[in-house]
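Colleague: File name final-v3.cif; file contents mmCIF, C-alpha atoms; full text below.
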```cif
data_structure
loop_
_atom_site.label_atom_id
_atom_site.label_comp_id
_atom_site.auth_asym_id
_atom_site.auth_seq_id
_atom_site.Cartn_x
_atom_site.Cartn_y
_atom_site.Cartn_z
CA MET A 172 -14.12 -1.33 1.91
CA ASN A 173 -16.99 -2.74 3.95
CA LEU A 174 -19.22 0.05 2.68
CA VAL A 175 -18.52 -0.86 -0.96
CA LEU A 176 -19.14 -4.56 -0.26
CA ASP A 177 -22.29 -3.70 1.66
CA ILE A 178 -23.76 -1.67 -1.22
CA ALA A 179 -22.70 -4.19 -3.88
CA LEU A 180 -24.17 -7.16 -1.98
CA LEU A 181 -27.44 -5.42 -1.18
CA ALA A 182 -27.81 -4.31 -4.82
CA LEU A 183 -27.16 -7.86 -6.02
CA MET A 184 -29.69 -9.22 -3.54
CA GLY A 185 -32.27 -6.75 -4.81
CA ILE A 186 -31.64 -7.79 -8.42
CA VAL A 187 -31.85 -11.48 -7.53
CA ALA A 188 -35.10 -10.96 -5.58
CA ILE A 189 -36.69 -9.13 -8.51
CA ALA A 190 -35.55 -11.88 -10.90
CA ILE A 191 -37.09 -14.48 -8.55
CA ILE A 192 -40.44 -12.68 -8.80
CA ARG A 193 -40.32 -12.24 -12.59
CA LEU A 194 -39.01 -15.63 -13.76
CA ARG A 195 -41.45 -18.48 -14.35
CA ASP A 196 -38.90 -21.25 -14.88
CA LEU A 197 -38.88 -22.73 -11.39
CA VAL A 198 -35.47 -24.43 -11.66
CA ALA A 199 -33.98 -20.99 -12.37
CA VAL A 200 -35.99 -19.57 -9.45
CA THR A 201 -34.60 -22.26 -7.15
CA MET A 202 -31.04 -21.51 -8.26
CA LEU A 203 -31.61 -17.78 -7.73
CA ALA A 204 -32.98 -18.50 -4.25
CA SER A 205 -29.76 -20.40 -3.57
CA ILE A 206 -27.70 -17.45 -4.83
CA TYR A 207 -29.78 -15.13 -2.64
CA SER A 208 -28.91 -17.26 0.39
CA LEU A 209 -25.24 -17.26 -0.55
CA LEU A 210 -25.25 -13.45 -0.86
CA ALA A 211 -26.98 -13.26 2.53
CA ALA A 212 -24.25 -15.53 3.95
CA THR A 213 -21.56 -13.18 2.59
CA MET A 214 -23.44 -10.29 4.15
CA PHE A 215 -23.43 -12.13 7.50
CA VAL A 216 -19.62 -12.32 7.32
CA ILE A 217 -19.48 -8.53 6.91
CA LEU A 218 -21.85 -8.21 9.87
CA ASP A 219 -19.42 -10.29 12.03
CA ALA A 220 -21.73 -13.30 12.24
CA ALA A 221 -19.39 -16.08 11.10
CA ASP A 222 -21.46 -18.91 12.61
CA VAL A 223 -24.64 -17.62 11.03
CA ALA A 224 -22.85 -17.33 7.67
CA PHE A 225 -21.78 -20.98 7.84
CA THR A 226 -25.28 -22.11 8.69
CA GLU A 227 -26.94 -19.96 6.03
CA ALA A 228 -24.53 -21.22 3.36
CA ALA A 229 -25.00 -24.86 4.35
CA VAL A 230 -28.71 -24.83 5.16
CA GLY A 231 -30.13 -21.93 3.14
CA ALA A 232 -28.05 -22.33 -0.01
CA GLY A 233 -27.52 -26.09 0.28
CA ILE A 234 -30.28 -28.12 1.91
CA SER A 235 -33.14 -25.77 0.92
CA THR A 236 -32.10 -25.98 -2.74
CA VAL A 237 -31.97 -29.77 -2.64
CA LEU A 238 -35.42 -29.91 -0.99
CA MET A 239 -36.92 -27.53 -3.56
CA LEU A 240 -35.43 -29.41 -6.51
CA ALA A 241 -36.76 -32.67 -5.09
CA ALA A 242 -40.23 -31.16 -4.72
CA LEU A 243 -40.12 -29.69 -8.25
CA ASN A 244 -39.06 -33.08 -9.59
CA LEU A 245 -42.33 -34.47 -8.22
CA THR A 246 -44.55 -31.60 -9.35
CA GLY A 247 -43.26 -29.97 -12.56
CA PHE A 248 -40.89 -27.17 -13.46
CA THR A 249 -42.87 -24.21 -14.81
CA GLU A 250 -45.25 -21.68 -13.35
CA LYS A 251 -48.26 -20.44 -15.31
CA ALA A 252 -48.59 -16.76 -16.14
CA PRO A 253 -50.48 -14.94 -13.37
CA LEU A 254 -54.14 -14.28 -14.17
CA ARG A 255 -54.96 -11.91 -11.36
CA SER A 256 -54.08 -8.26 -11.42
CA ALA A 257 -51.11 -7.41 -9.21
CA PHE A 258 -52.60 -4.11 -8.05
CA VAL A 259 -53.87 -5.12 -4.59
CA PRO A 260 -50.71 -7.09 -3.61
CA VAL A 261 -48.49 -4.18 -4.73
CA LEU A 262 -50.58 -1.83 -2.59
CA ILE A 263 -50.37 -4.14 0.45
CA VAL A 264 -46.62 -4.59 0.02
CA ILE A 265 -45.94 -0.84 -0.33
CA ALA A 266 -48.15 -0.03 2.66
CA THR A 267 -46.45 -2.68 4.83
CA GLY A 268 -43.03 -1.49 3.70
CA LEU A 269 -43.83 2.12 4.56
CA VAL A 270 -45.15 1.18 8.01
CA LEU A 271 -42.05 -0.93 8.75
CA GLY A 272 -39.77 1.82 7.42
CA TYR A 273 -41.50 4.35 9.63
CA GLY A 274 -41.16 2.03 12.63
CA MET A 275 -37.42 1.79 12.00
CA MET A 276 -36.86 5.54 12.24
CA ASP A 277 -36.49 5.23 16.02
CA LEU A 278 -33.92 2.42 15.90
CA PRO A 279 -30.35 3.10 17.01
CA ARG A 280 -28.05 3.87 14.07
CA TYR A 281 -26.33 0.96 12.33
CA GLY A 282 -23.20 -0.10 14.26
CA ASP A 283 -23.83 2.28 17.19
CA PRO A 284 -21.86 0.80 20.13
CA SER A 285 -24.06 2.54 22.73
CA ALA A 286 -27.29 0.96 21.46
CA PRO A 287 -29.32 -0.63 24.30
CA ILE A 288 -28.90 -4.12 22.79
CA HIS A 289 -25.14 -3.92 23.46
CA LEU A 290 -25.41 -2.71 27.06
CA HIS A 291 -27.33 -5.54 28.75
CA VAL A 292 -26.89 -9.33 28.87
CA ALA A 293 -24.44 -9.50 25.94
CA PRO A 294 -21.44 -8.08 27.92
CA LYS A 295 -22.06 -10.69 30.61
CA TYR A 296 -21.80 -13.51 28.10
CA LEU A 297 -18.71 -11.96 26.51
CA GLN A 298 -17.01 -11.64 29.93
CA ASP A 299 -18.05 -14.93 31.49
CA THR A 300 -17.76 -17.34 28.57
CA GLY A 301 -13.96 -17.59 28.89
CA PRO A 302 -13.80 -18.48 32.61
CA GLU A 303 -17.10 -20.38 32.82
CA ILE A 304 -17.26 -22.42 29.61
CA GLY A 305 -13.64 -22.33 28.50
CA ILE A 306 -14.16 -22.16 24.75
CA PRO A 307 -13.40 -19.06 22.68
CA ASN A 308 -16.53 -19.05 20.50
CA VAL A 309 -19.19 -17.15 22.45
CA VAL A 310 -22.00 -18.02 20.00
CA THR A 311 -21.36 -21.74 20.44
CA ALA A 312 -21.08 -21.35 24.21
CA VAL A 313 -24.46 -19.60 24.44
CA LEU A 314 -26.12 -21.98 21.99
CA ALA A 315 -24.88 -25.26 23.40
CA SER A 316 -24.23 -24.47 27.05
CA TYR A 317 -26.02 -21.42 28.48
CA ARG A 318 -29.13 -21.98 26.38
CA GLY A 319 -28.67 -25.71 25.84
CA TYR A 320 -32.31 -26.50 26.64
CA ASP A 321 -33.48 -24.10 23.94
CA THR A 322 -31.32 -25.95 21.45
CA LEU A 323 -32.86 -29.20 22.67
CA GLY A 324 -36.27 -27.62 21.97
CA GLU A 325 -35.04 -26.68 18.51
CA THR A 326 -34.08 -30.27 17.74
CA THR A 327 -37.59 -31.26 18.86
CA VAL A 328 -38.96 -28.85 16.26
CA ILE A 329 -36.74 -30.42 13.58
CA PHE A 330 -37.84 -33.89 14.66
CA THR A 331 -41.50 -32.86 14.46
CA ALA A 332 -40.96 -31.37 11.00
CA GLY A 333 -39.21 -34.55 9.84
CA LEU A 334 -42.06 -36.61 11.23
CA GLY A 335 -44.59 -34.38 9.45
CA VAL A 336 -42.81 -34.67 6.11
CA THR A 337 -42.55 -38.44 6.47
CA LEU A 338 -46.24 -38.79 7.32
CA LEU A 339 -47.31 -36.47 4.48
CA LEU A 340 -45.28 -38.28 1.86
CA SER A 341 -45.38 -41.87 3.12
CA GLY A 342 -48.72 -42.60 1.44
CA ARG A 343 -47.37 -41.67 -2.00
CA ARG A 344 -46.01 -45.02 -3.08
CA ARG A 345 -49.03 -46.93 -1.86
CA ARG A 346 -51.44 -44.60 -3.69
CA ARG A 347 -49.46 -44.81 -6.89
CA ALA A 348 -49.43 -48.63 -6.69
CA THR A 349 -53.26 -48.67 -6.69
CA PRO A 350 -54.25 -45.81 -9.01
CA GLU A 351 -57.86 -46.98 -9.51
CA SER A 352 -58.67 -46.53 -5.83
CA SER A 353 -57.36 -42.95 -5.80
CA SER A 354 -59.34 -41.92 -8.86
CA MET B 1199 -20.00 2.25 7.88
CA SER B 1200 -21.91 4.60 10.19
CA LEU B 1201 -22.54 6.73 7.11
CA LEU B 1202 -25.15 4.20 6.12
CA GLY B 1203 -27.04 4.92 9.34
CA ILE B 1204 -30.58 3.77 9.04
CA VAL B 1205 -30.59 3.31 5.24
CA ASN B 1206 -29.31 -0.25 5.69
CA TYR B 1207 -32.46 -1.16 7.60
CA TRP B 1208 -34.64 0.32 4.87
CA VAL B 1209 -32.88 -1.78 2.24
CA PHE B 1210 -33.60 -4.87 4.33
CA VAL B 1211 -37.26 -3.84 4.49
CA ALA B 1212 -37.30 -3.42 0.69
CA LEU B 1213 -35.83 -6.93 0.22
CA MET B 1214 -38.32 -8.29 2.73
CA MET B 1215 -41.18 -6.69 0.80
CA LEU B 1216 -39.95 -8.24 -2.47
CA GLY B 1217 -40.19 -11.66 -0.80
CA PHE B 1218 -43.59 -10.72 0.65
CA TYR B 1219 -44.78 -9.76 -2.85
CA ALA B 1220 -43.71 -13.14 -4.27
CA LEU B 1221 -45.56 -14.75 -1.36
CA ILE B 1222 -48.91 -13.01 -1.82
CA ALA B 1223 -49.05 -12.14 -5.54
CA ARG B 1224 -47.77 -15.26 -7.28
CA GLY B 1225 -49.98 -18.33 -7.60
CA HIS B 1226 -47.52 -21.22 -7.74
CA LEU B 1227 -47.03 -22.88 -4.35
CA VAL B 1228 -43.26 -23.45 -4.72
CA LYS B 1229 -42.85 -19.82 -5.82
CA LYS B 1230 -44.66 -18.76 -2.66
CA LEU B 1231 -42.25 -20.82 -0.55
CA VAL B 1232 -39.27 -19.26 -2.34
CA GLY B 1233 -40.80 -15.85 -1.54
CA LEU B 1234 -41.09 -16.91 2.08
CA SER B 1235 -37.39 -17.89 2.09
CA VAL B 1236 -36.39 -14.49 0.67
CA PHE B 1237 -38.57 -12.82 3.31
CA GLN B 1238 -36.93 -14.88 6.05
CA ALA B 1239 -33.36 -14.27 4.88
CA SER B 1240 -34.04 -10.53 4.85
CA VAL B 1241 -35.44 -10.62 8.40
CA PHE B 1242 -32.32 -12.51 9.48
CA LEU B 1243 -30.10 -9.86 7.87
CA PHE B 1244 -32.00 -7.11 9.66
CA TYR B 1245 -31.74 -8.88 12.98
CA ILE B 1246 -28.02 -9.60 12.64
CA SER B 1247 -27.32 -6.02 11.55
CA LEU B 1248 -28.77 -4.82 14.87
CA GLY B 1249 -25.98 -6.75 16.63
CA LYS B 1250 -23.17 -5.15 14.62
CA VAL B 1251 -20.80 -2.83 16.49
CA ASP B 1252 -18.60 -0.37 14.60
CA GLY B 1253 -15.08 -1.78 14.36
CA GLY B 1254 -16.28 -4.98 16.00
CA GLU B 1255 -14.92 -8.47 15.51
CA PRO B 1256 -16.85 -11.77 15.40
CA ALA B 1257 -17.58 -12.96 18.94
CA ILE B 1258 -14.66 -15.39 19.13
CA LEU B 1259 -12.55 -14.51 22.15
CA VAL B 1260 -8.92 -13.53 21.61
CA ASP B 1261 -6.21 -12.62 24.14
CA ASP B 1262 -6.05 -8.93 23.22
CA PRO B 1263 -8.26 -7.18 25.83
CA THR B 1264 -8.87 -4.09 23.65
CA THR B 1265 -10.83 -6.07 21.05
CA ILE B 1266 -14.42 -4.98 20.51
CA TYR B 1267 -16.82 -7.83 19.82
CA SER B 1268 -20.12 -7.64 17.97
CA ASN B 1269 -23.15 -8.72 19.94
CA PRO B 1270 -23.35 -12.55 19.85
CA LEU B 1271 -26.96 -12.87 21.04
CA PRO B 1272 -28.73 -12.07 17.72
CA HIS B 1273 -26.40 -14.61 16.10
CA VAL B 1274 -27.56 -17.35 18.47
CA LEU B 1275 -31.23 -16.54 17.86
CA ILE B 1276 -30.83 -16.44 14.09
CA LEU B 1277 -28.90 -19.73 14.03
CA THR B 1278 -31.98 -21.33 15.56
CA ALA B 1279 -34.28 -19.44 13.21
CA ILE B 1280 -32.39 -20.57 10.07
CA VAL B 1281 -32.66 -24.22 11.06
CA VAL B 1282 -36.33 -23.91 12.01
CA GLY B 1283 -36.87 -22.04 8.71
CA VAL B 1284 -35.60 -24.97 6.66
CA ALA B 1285 -37.80 -27.32 8.71
CA THR B 1286 -40.92 -25.28 7.90
CA LEU B 1287 -39.81 -25.12 4.25
CA ALA B 1288 -39.59 -28.92 4.16
CA VAL B 1289 -43.08 -29.30 5.63
CA GLY B 1290 -44.43 -26.68 3.21
CA LEU B 1291 -42.93 -28.48 0.21
CA ALA B 1292 -44.32 -31.82 1.42
CA LEU B 1293 -47.78 -30.22 1.70
CA ALA B 1294 -47.38 -28.77 -1.82
CA VAL B 1295 -46.51 -32.21 -3.18
CA ARG B 1296 -49.63 -33.66 -1.51
CA ILE B 1297 -51.80 -30.83 -2.87
CA ARG B 1298 -50.45 -31.50 -6.34
CA GLU B 1299 -51.35 -35.18 -5.92
CA ALA B 1300 -54.88 -34.39 -4.84
CA TYR B 1301 -55.66 -31.53 -7.26
CA GLY B 1302 -53.27 -32.15 -10.16
CA THR B 1303 -52.08 -28.54 -10.09
CA MET B 1304 -49.80 -26.25 -8.07
CA GLU B 1305 -51.56 -22.98 -8.99
CA GLU B 1306 -53.46 -21.40 -6.14
CA ASP B 1307 -56.16 -19.95 -8.44
CA GLU B 1308 -56.99 -23.33 -9.96
CA ILE B 1309 -57.08 -25.00 -6.54
CA THR B 1310 -59.48 -22.35 -5.18
CA GLU B 1311 -61.62 -22.71 -8.30
CA MET B 1312 -61.80 -26.50 -7.85
CA ASP B 1313 -62.74 -26.07 -4.20
CA ARG B 1314 -65.51 -23.66 -5.18
CA THR B 1315 -67.03 -25.91 -7.85
CA ALA B 1316 -66.65 -29.11 -5.84
#
```
The structure in this file should be written as structure tokens.
Modeller:
Amino acid sequence: MNLVLDIALLALMGIVAIAIIRLRDLVAVTMLASIYSLLAATMFVILDAADVAFTEAAVGAGISTVLMLAALNLTGFTEKAPLRSAFVPVLIVIATGLVLGYGMMDLPRYGDPSAPIHLHVAPKYLQDTGPEIGIPNVVTAVLASYRGYDTLGETTVIFTAGLGVTLLLSGRRRRRATPESSS
Amino acid sequence: MSLLGIVNYWVFVALMMLGFYALIARGHLVKKLVGLSVFQASVFLFYISLGKVDGGEPAILVDDPTTIYSNPLPHVLILTAIVVGVATLAVGLALAVRIREAYGTMEEDEITEMDRTA
């Protein structure tokens, strides 16, 4: 069952990604990007990452789409046909893909319980979260308690990004009010 | 599921490369950012799939001691990465809006051309 879902989802994601590259109507591209995120979120559920699936569905499929539509609303909705030849990018992409694929040959097989990643650190969190933190969700316990300072750092990043966006866009209204000075 | 073996990883690489292609080959700035998002989502999928254990359950503790849990640590890292990803996307879009204001276009080729002739 999981195998069928896995293949179907990955195939759909491939189709959506190709459509994103080919389409030039950017509203359609934004919607497809949202669908791509939603498919990724479904894939996360299959991969046992419920928390990640929630976040991807809310942030990747939700907030990102809103941000992109807002930006398109300010800048226009269509992309011009590409002038350059796609030969060099295709070459770079294929070469990078082959190198990454070759690098992955040595990875432990998918779902292998004896992979090194499952033997260190993770068992400690799975054993100790119950007695030490007292909540059943290990991901939340690690995120908010064991690695709470990292999450604080993350909110600093978000704050900085928000500050950057505000500073970048705050001049807009003033410039539009005095168009002769900007020209 | 183990039948898939390493093929799963290769599919993630292929998806990643599709996003990479949109990022480097297309000229429109918003299209590039969409490509970056596709790239990111594929990296996240790859990372999470490394934490999957055959027959595992999501890492939410239950009373049954025989339950196998998938590795929660990649999940924690990717949660952070998703949120940081949307923050960088927001900054990128804001920059694109400013570039459009200054140059009157979102196409990379035209912007480079204007920079060259200026």
Colleague: Carefully work through the PyMOL selection byres ((chain A and resi 261) around 12) for this structure and note down the residues it includes, as a PyMOL selection string.
Modeller: (chain A and resi 256-260+262-268) or (chain B and resi 1215-1224)
Colleague: Name the residues that the PyMOL selection byres ((chain A and resi 328) around 12) pulls out of this structure, and write them as a PyMOL selection string.
Modeller: (chain A and resi 321-327+329-335) or (chain B and resi 1278-1279+1281-1286+1289)
Colleague: Please build the interface table for chain B against chain A with a cut-off of 6 Å, listing for each qualifying residue the nearest atom pair and the distance in Å to one decimal; count all atoms listed in the file, order rows by chain and increasing number, and write it as JSON lines.
Modeller:
```
{"residue": "B:Met1199", "atom": "CA", "partner": "A:Leu174", "partner_atom": "CA", "distance": 5.7}
{"residue": "B:Gly1203", "atom": "CA", "partner": "A:Arg280", "partner_atom": "CA", "distance": 4.9}
{"residue": "B:Ile1204", "atom": "CA", "partner": "A:Arg280", "partner_atom": "CA", "distance": 5.6}
{"residue": "B:Trp1208", "atom": "CA", "partner": "A:Gly272", "partner_atom": "CA", "distance": 5.9}
{"residue": "B:Met1215", "atom": "CA", "partner": "A:Val264", "partner_atom": "CA", "distance": 5.9}
{"residue": "B:Ala1220", "atom": "CA", "partner": "A:Ile192", "partner_atom": "CA", "distance": 5.6}
{"residue": "B:Ala1223", "atom": "CA", "partner": "A:Pro260", "partner_atom": "CA", "distance": 5.7}
{"residue": "B:Lys1250", "atom": "CA", "partner": "A:Gly282", "partner_atom": "CA", "distance": 5.1}
{"residue": "B:Val1251", "atom": "CA", "partner": "A:Gly282", "partner_atom": "CA", "distance": 4.3}
{"residue": "B:Asp1252", "atom": "CA", "partner": "A:Gly282", "partner_atom": "CA", "distance": 4.6}
{"residue": "B:Glu1255", "atom": "CA", "partner": "A:Asp219", "partner_atom": "CA", "distance": 6.0}
{"residue": "B:Pro1256", "atom": "CA", "partner": "A:Asp219", "partner_atom": "CA", "distance": 4.5}
{"residue": "B:Ala1257", "atom": "CA", "partner": "A:Val309", "partner_atom": "CA", "distance": 5.7}
{"residue": "B:Ile1258", "atom": "CA", "partner": "A:Asn308", "partner_atom": "CA", "distance": 4.3}
{"residue": "B:Leu1259", "atom": "CA", "partner": "A:Pro307", "partner_atom": "CA", "distance": 4.7}
{"residue": "B:Pro1270", "atom": "CA", "partner": "A:Val310", "partner_atom": "CA", "distance": 5.6}
{"residue": "B:Val1274", "atom": "CA", "partner": "A:Val310", "partner_atom": "CA", "distance": 5.8}
{"residue": "B:Leu1277", "atom": "CA", "partner": "A:Val223", "partner_atom": "CA", "distance": 5.6}
{"residue": "B:Ala1285", "atom": "CA", "partner": "A:Ala332", "partner_atom": "CA", "distance": 5.6}
{"residue": "B:Val1289", "atom": "CA", "partner": "A:Val336", "partner_atom": "CA", "distance": 5.4}
{"residue": "B:Ala1292", "atom": "CA", "partner": "A:Val336", "partner_atom": "CA", "distance": 5.7}
```
Colleague: Atom CA of Ala232 of chain A and atom CA of Lys1230 of chain B are how many Å apart?
Modeller: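 We find that atom CA of Ala232 of chain A and atom CA of Lys1230 of chain B lie 17.2 Å from each other.
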Colleague: How many Å separate atom CA of Ile1276 of chain B from atom CA of Ala1288 of chain B?
Modeller: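 Interatomic distance, atom CA of Ile1276 of chain B to atom CA of Ala1288 of chain B: 18.2 Å.
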Colleague: Nearest residue to Phe1237 of chain B out of B:Glu1306, B:Leu1275, B:Val1209, B:Met1214, using all atoms listed in the file?
Modeller: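 Selected residue with least distance to Phe1237 of chain B: B:Met1214.
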Colleague: Grab the atom CA of Leu1243 of chain B to atom CA of Gly233 of chain A distance for me, in Å with one decimal place.
Modeller: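 Calculated distance between atom CA of Leu1243 of chain B and atom CA of Gly233 of chain A is 18.1 Å.
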Colleague: Given the point (-13.8, -5.5, 18.1) in the coordinates of this file, which residues lie within 6 Å, counting all atoms listed in the file, and how would they look as a list in words?
Modeller: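 The residues that fall inside the cut-off are Gly1253, Gly1254, Glu1255, Thr1265, Ile1266 and Tyr1267 of chain B.
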